[in-house]
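Colleague: Data: my_file_28.txt, compact mmCIF, C-alpha atoms.
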```txt
# COMPACT_ATOMS: atom_id res chain seq x y z
CA MET A 18 129.55 100.46 85.77
CA VAL A 19 128.23 103.14 88.09
CA PRO A 20 125.10 101.97 89.98
CA LEU A 21 121.79 103.67 89.26
CA SER A 22 121.34 104.75 92.88
CA TRP A 23 124.44 106.97 92.73
CA TYR A 24 122.91 109.03 89.94
CA ILE A 25 119.64 109.34 91.87
CA CYS A 26 121.54 110.45 94.99
CA LEU A 27 123.42 113.09 92.98
CA SER A 28 120.15 114.27 91.48
CA ALA A 29 118.53 114.44 94.93
CA VAL A 30 121.41 116.48 96.35
CA ILE A 31 121.27 119.01 93.51
CA PHE A 32 117.47 119.16 93.76
CA GLY A 33 117.71 119.86 97.49
CA ILE A 34 120.35 122.56 97.01
CA GLY A 35 118.12 124.19 94.39
CA GLY A 36 115.18 124.05 96.79
CA ILE A 37 117.26 125.59 99.58
CA GLY A 38 118.35 128.35 97.22
CA PHE A 39 114.76 129.03 96.24
CA LEU A 40 113.68 129.22 99.88
CA VAL A 41 116.48 131.27 101.45
CA ARG A 42 117.66 133.82 98.85
CA ARG A 43 116.19 137.32 98.74
CA ASN A 44 117.11 138.09 95.15
CA VAL A 45 114.44 137.05 92.63
CA LEU A 46 117.10 136.41 89.95
CA ILE A 47 118.89 133.82 92.08
CA MET A 48 115.53 132.23 92.90
CA LEU A 49 114.87 131.74 89.17
CA MET A 50 118.33 130.19 88.80
CA SER A 51 117.53 127.81 91.66
CA VAL A 52 114.44 126.67 89.76
CA GLU A 53 116.68 125.95 86.75
CA LEU A 54 118.94 123.94 89.07
CA MET A 55 116.00 121.82 90.24
CA LEU A 56 114.83 121.19 86.66
CA ASN A 57 118.35 120.11 85.69
CA SER A 58 118.56 117.65 88.56
CA VAL A 59 115.30 116.09 87.40
CA ASN A 60 116.79 115.79 83.90
CA ILE A 61 119.79 113.90 85.32
CA SER A 62 117.58 111.36 87.05
CA LEU A 63 115.35 110.96 83.97
CA ILE A 64 118.33 110.23 81.72
CA ALA A 65 119.82 107.84 84.28
CA PHE A 66 116.56 105.87 84.47
CA SER A 67 116.28 105.93 80.67
CA HIS A 68 119.79 104.51 80.34
CA TYR A 69 119.37 101.78 82.94
CA LEU A 70 115.90 100.70 81.77
CA GLN A 71 117.06 100.86 78.10
CA ASP A 72 114.11 102.93 77.00
CA LEU A 73 114.24 106.28 75.18
CA LYS A 74 110.97 107.64 76.54
CA GLY A 75 112.75 109.30 79.46
CA GLN A 76 115.02 111.19 77.09
CA VAL A 77 112.01 112.38 75.08
CA LEU A 78 110.59 113.71 78.36
CA VAL A 79 113.88 115.57 78.97
CA PHE A 80 113.23 117.50 75.74
CA PHE A 81 109.90 118.71 77.04
CA VAL A 82 111.43 119.64 80.42
CA ILE A 83 114.08 121.70 78.60
CA THR A 84 111.35 123.40 76.54
CA VAL A 85 109.34 124.28 79.63
CA ALA A 86 112.50 125.50 81.39
CA ALA A 87 113.26 127.85 78.49
CA ALA A 88 109.69 129.21 78.50
CA GLU A 89 109.78 129.60 82.28
CA ALA A 90 113.09 131.50 82.15
CA ALA A 91 111.76 133.86 79.45
CA ILE A 92 108.51 134.62 81.29
CA GLY A 93 110.17 134.85 84.72
CA LEU A 94 112.83 137.26 83.50
CA ALA A 95 110.17 139.39 81.76
CA ILE A 96 108.25 139.59 85.05
CA LEU A 97 111.51 140.49 86.79
CA VAL A 98 112.21 143.31 84.32
CA ALA A 99 108.65 144.64 84.71
CA LEU A 100 108.98 144.47 88.51
CA ALA A 101 112.31 146.31 88.49
CA ARG A 102 110.95 148.98 86.14
CA ASN A 103 107.63 149.67 87.90
CA LYS A 104 108.45 149.11 91.58
CA SER A 105 112.27 149.17 91.47
CA VAL A 106 112.51 146.28 93.91
CA LEU A 107 114.40 143.02 93.39
CA HIS A 108 114.07 141.41 96.82
CA THR A 109 111.25 139.13 97.85
CA ASP A 110 110.80 140.63 101.31
CA GLU A 111 110.29 144.11 99.83
CA ILE A 112 107.37 143.06 97.62
CA THR A 113 104.52 143.57 100.09
CA GLU A 114 101.74 144.90 97.84
CA MET A 115 99.24 142.22 98.90
CA LYS A 116 100.11 142.15 102.58
CA GLY A 117 97.23 144.49 103.51
CA MET B 25 136.74 101.34 88.54
CA THR B 26 137.64 104.30 86.30
CA PRO B 27 134.00 105.29 85.65
CA LYS B 28 133.37 105.37 89.39
CA ILE B 29 136.35 107.67 89.99
CA PHE B 30 135.14 109.99 87.23
CA PHE B 31 131.62 109.93 88.63
CA ILE B 32 132.85 110.79 92.13
CA TYR B 33 134.81 113.73 90.72
CA PHE B 34 131.74 114.96 88.84
CA ALA B 35 129.45 114.49 91.84
CA ILE B 36 131.71 116.43 94.21
CA SER B 37 132.36 119.28 91.79
CA MET B 38 128.66 119.52 90.81
CA THR B 39 127.60 119.72 94.46
CA PHE B 40 130.26 122.36 95.12
CA MET B 41 129.19 124.38 92.08
CA SER B 42 125.51 124.30 92.97
CA VAL B 43 126.31 125.48 96.51
CA MET B 44 128.37 128.27 94.92
CA VAL B 45 125.42 129.23 92.68
CA ILE B 46 123.07 129.79 95.60
CA THR B 47 125.53 131.51 97.95
CA ARG B 48 127.35 134.07 95.78
CA ARG B 49 126.63 137.72 96.50
CA ASN B 50 127.10 138.94 92.94
CA PRO B 51 124.56 137.43 90.49
CA VAL B 52 127.12 137.47 87.67
CA HIS B 53 129.32 135.09 89.66
CA SER B 54 126.29 132.84 90.23
CA VAL B 55 125.63 132.72 86.48
CA LEU B 56 129.26 131.84 85.76
CA TRP B 57 129.25 128.99 88.32
CA MET B 58 125.98 127.81 86.79
CA ILE B 59 127.57 127.65 83.31
CA GLY B 60 130.35 125.48 84.73
CA LEU B 61 127.72 123.27 86.35
CA PHE B 62 125.90 122.87 83.03
CA PHE B 63 129.10 121.70 81.34
CA HIS B 64 129.52 119.08 84.07
CA ILE B 65 125.90 117.98 83.65
CA ALA B 66 126.52 117.59 79.91
CA ALA B 67 129.49 115.35 80.74
CA VAL B 68 127.24 113.20 82.95
CA TYR B 69 124.82 112.90 80.00
CA LEU B 70 127.74 111.63 77.89
CA PHE B 71 128.36 108.97 80.57
CA LEU B 72 124.77 107.83 80.13
CA ASN B 73 125.02 107.46 76.32
CA ALA B 74 122.89 110.54 75.60
CA GLU B 75 125.17 112.42 73.20
CA PHE B 76 122.47 114.46 71.51
CA LEU B 77 121.05 115.66 74.83
CA ALA B 78 124.55 116.66 75.98
CA ALA B 79 124.85 118.88 72.91
CA VAL B 80 121.38 120.30 73.53
CA GLN B 81 122.32 120.96 77.16
CA ILE B 82 125.38 123.00 76.20
CA ILE B 83 123.77 124.84 73.28
CA LEU B 84 120.44 125.62 74.94
CA TYR B 85 121.22 125.98 78.65
CA ALA B 86 124.79 127.26 78.74
CA GLY B 87 124.44 129.10 75.43
CA ALA B 88 120.93 130.56 75.45
CA ILE B 89 119.29 130.60 78.88
CA MET B 90 122.35 131.74 80.83
CA VAL B 91 123.07 134.47 78.26
CA LEU B 92 119.46 135.59 78.77
CA PHE B 93 120.13 135.80 82.52
CA LEU B 94 123.33 137.80 81.86
CA PHE B 95 121.43 140.25 79.63
CA VAL B 96 118.83 140.83 82.34
CA ILE B 97 121.56 141.35 84.97
CA MET B 98 123.10 143.91 82.62
CA MET B 99 119.78 145.78 82.33
CA LEU B 100 119.17 145.93 86.08
CA ASN B 101 120.96 148.11 88.57
CA LEU B 102 122.72 145.77 90.98
CA LYS B 103 124.90 148.26 92.87
CA GLU B 104 122.98 147.81 96.11
CA GLU B 105 123.00 144.03 95.72
CA VAL B 106 126.65 143.88 96.75
CA VAL B 107 125.93 145.36 100.19
CA ALA B 108 122.37 144.10 100.88
CA PRO B 109 121.93 140.93 102.97
CA ARG B 110 121.80 137.81 100.82
CA PHE B 111 119.39 135.60 102.74
CA ILE B 112 115.95 136.09 104.24
CA GLY B 113 115.66 136.16 108.03
CA GLU B 114 114.12 132.68 108.22
CA TRP B 115 116.94 130.94 106.36
CA PRO B 116 117.50 128.09 108.89
CA ILE B 117 113.97 126.82 108.21
CA GLY B 118 114.65 126.70 104.48
CA VAL B 119 117.94 124.88 104.93
CA ALA B 120 116.32 122.36 107.30
CA LEU B 121 113.51 121.70 104.80
CA GLY B 122 116.00 121.18 101.97
CA ILE B 123 118.15 118.79 103.99
CA ALA B 124 115.00 116.90 105.00
CA ILE B 125 114.04 116.47 101.32
CA ILE B 126 117.55 115.26 100.42
CA THR B 127 117.68 112.70 103.24
CA MET B 128 114.17 111.48 102.49
CA ILE B 129 114.95 110.87 98.79
CA ILE B 130 118.33 109.23 99.51
CA TYR B 131 116.73 107.05 102.19
CA SER B 132 114.14 105.78 99.71
CA VAL B 133 116.52 105.37 96.74
CA PHE B 134 117.98 102.05 97.88
CA THR B 135 114.62 100.27 97.83
CA ILE B 136 113.94 101.02 94.14
CA GLN B 137 112.80 97.97 92.16
CA PRO B 138 113.62 98.58 88.47
CA GLY B 139 110.81 97.80 86.04
CA PRO B 140 111.02 95.69 82.88
CA VAL B 141 113.70 96.63 80.38
CA GLY B 142 112.66 98.36 77.14
CA GLU B 143 113.71 97.70 73.57
CA HIS B 144 116.29 100.52 73.13
CA THR B 145 119.45 98.71 74.17
CA ILE B 146 122.83 100.39 73.85
CA GLU B 147 123.67 98.28 70.78
CA ALA B 148 120.38 99.20 69.09
CA ILE B 149 120.99 102.90 69.70
CA GLN B 150 124.56 102.60 68.43
CA LYS B 151 123.33 100.96 65.24
CA THR B 152 120.94 103.84 64.44
CA THR B 153 122.75 106.84 65.95
CA HIS B 154 121.35 108.47 69.08
CA ALA B 155 119.91 111.55 67.35
CA LYS B 156 118.11 109.38 64.79
CA ALA B 157 116.69 107.03 67.42
CA ILE B 158 115.36 109.83 69.59
CA GLY B 159 114.08 111.78 66.58
CA SER B 160 112.15 108.85 65.18
CA LEU B 161 110.47 108.42 68.57
CA LEU B 162 109.80 112.16 68.93
CA TYR B 163 108.29 112.64 65.47
CA THR B 164 106.09 109.56 65.41
CA LYS B 165 104.84 108.48 68.81
CA TYR B 166 105.19 111.81 70.60
CA ILE B 167 104.23 114.19 67.78
CA PHE B 168 101.26 115.64 69.69
CA PRO B 169 103.24 116.59 72.85
CA PHE B 170 105.87 118.00 70.49
CA GLU B 171 103.30 120.33 68.93
CA ILE B 172 102.11 121.37 72.39
CA ALA B 173 105.73 122.19 73.29
CA SER B 174 105.92 124.51 70.27
CA LEU B 175 102.70 126.17 71.48
CA VAL B 176 104.27 126.66 74.95
CA LEU B 177 107.24 128.38 73.33
CA LEU B 178 104.91 130.62 71.29
CA VAL B 179 103.04 131.63 74.47
CA ALA B 180 106.39 132.35 76.15
CA VAL B 181 107.51 134.62 73.28
CA VAL B 182 104.24 136.59 73.24
CA GLY B 183 104.07 136.77 77.04
CA ALA B 184 107.65 137.99 77.40
CA ILE B 185 107.07 140.78 74.87
CA VAL B 186 103.80 141.85 76.50
CA LEU B 187 105.23 141.79 80.03
CA ALA B 188 108.48 143.60 79.34
CA LYS B 189 107.32 146.34 76.96
CA LYS B 190 107.11 149.95 78.11
CA ARG B 191 103.63 151.18 78.97
```
Can the structure in the file be given as structure tokens, please?

Modeller:
Amino acid sequence: MVPLSWYICLSAVIFGIGGIGFLVRRNVLIMLMSVELMLNSVNISLIAFSHYLQDLKGQVLVFFVITVAAAEAAIGLAILVALARNKSVLHTDEITEMKG
Amino acid sequence: MTPKIFFIYFAISMTFMSVMVITRRNPVHSVLWMIGLFFHIAAVYLFLNAEFLAAVQIILYAGAIMVLFLFVIMMLNLKEEVVAPRFIGEWPIGVALGIAIITMIIYSVFTIQPGPVGEHTIEAIQKTTHAKAIGSLLYTKYIFPFEIASLVLLVAVVGAIVLAKKR
């Protein structure tokens, strides 16, 4: 039997890598993928807790996280397409419209 | 012992794949590493007796969301992406913040006190298959959040069409 803390450590590592990817990459597409990575790591820890506490509520919550992730991907990619069409930029440090 | 060996394999390969996702220069390679990572995550769900969620993970994430990413990459012009710098100038700060978050969570993990155990034991779930158990909970107790989730998806559909259409 694998201890619960191992799953939480794995989830924390993937969450941190996703956060690093969101902070350091210039490409907006990769930043969106890093957000997906972070949501997936949260799903791992939710299912691990649900298994070890023998309660299905955590797995019901995973459904809603997956739903929100799908909506977020659709909206984020639509914003990305609009950005690429109107400004033809894809990098975060080139989007300086509000810098003044 | 065997589950631990399998878990260590999955942990190492998942960490490697997520590092690959955030460091590849070509976004298509990132998406392909991400699909491999999602298959590994589905395998971890199978470890945790969540068969239905493993199927949902593969169908919805690896099948739908990643294909959406690939379609968008196809629509965009990524010729300059291969030569442009990958990271922002302040990348050491981001890496330090991420490592700080990881160490903070891992440091606090070992003091977790698990709460009281619920009524869905492994035997009870095996008696009424996993999909049926989770469905009966989703459609009775959590029917109102379920309806709100459908509303979120409707807003996403309308918003995506409005944002991406030609003006």

Colleague: Could you list, as an MDAnalysis selection string, the residues of chain B having an atom within 7 Å of chain A when counting all atoms listed in the file?

Modeller: chainID B and resid 27:28 35 39 42:43 46 51 72 89 110:112 115 118:119 122:123 125:126 129:130 133:134 141:145 158 162 173 176:177 180 183:184 187:188

Colleague: In Å, how far is it from CA of Met41 in chain B to CA of Met55 in chain A?

Modeller: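 These atoms are spaced 13.6 Å apart.
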
Colleague: What is the distance, in Å and to one decimal place, between CA of Lys104 in chain A and CA of Ser54 in chain B?

Modeller: 24.2 Å

Colleague: One decimal, Å: what's the distance from CA of Ser174 in chain B over to CA of Phe71 in chain B, could you say?

Modeller: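 Separating CA of Ser174 in chain B from CA of Phe71 in chain B is a distance of 29.2 Å.
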
Colleague: Pick the closest to Phe63 in chain B from B:Ser37, B:Asn50, B:Thr164, B:Ser132: which is it, counting only C-alpha atoms?

Modeller: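 Checking each of B:Ser37, B:Asn50, B:Thr164, B:Ser132 against Phe63 in chain B, counting only C-alpha atoms, the winner is B:Ser37.
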
Colleague: Find the smallest box with edges along x, y and z containing every listed atom of range 68-79 of chain A, then add 5 Å on each side and report centre and edge lengths in Å to one decimal, as JSON.

Modeller:
```
{"center_x": 115.2, "center_y": 108.1, "center_z": 79.0, "size_x": 19.2, "size_y": 24.9, "size_z": 17.9}
```
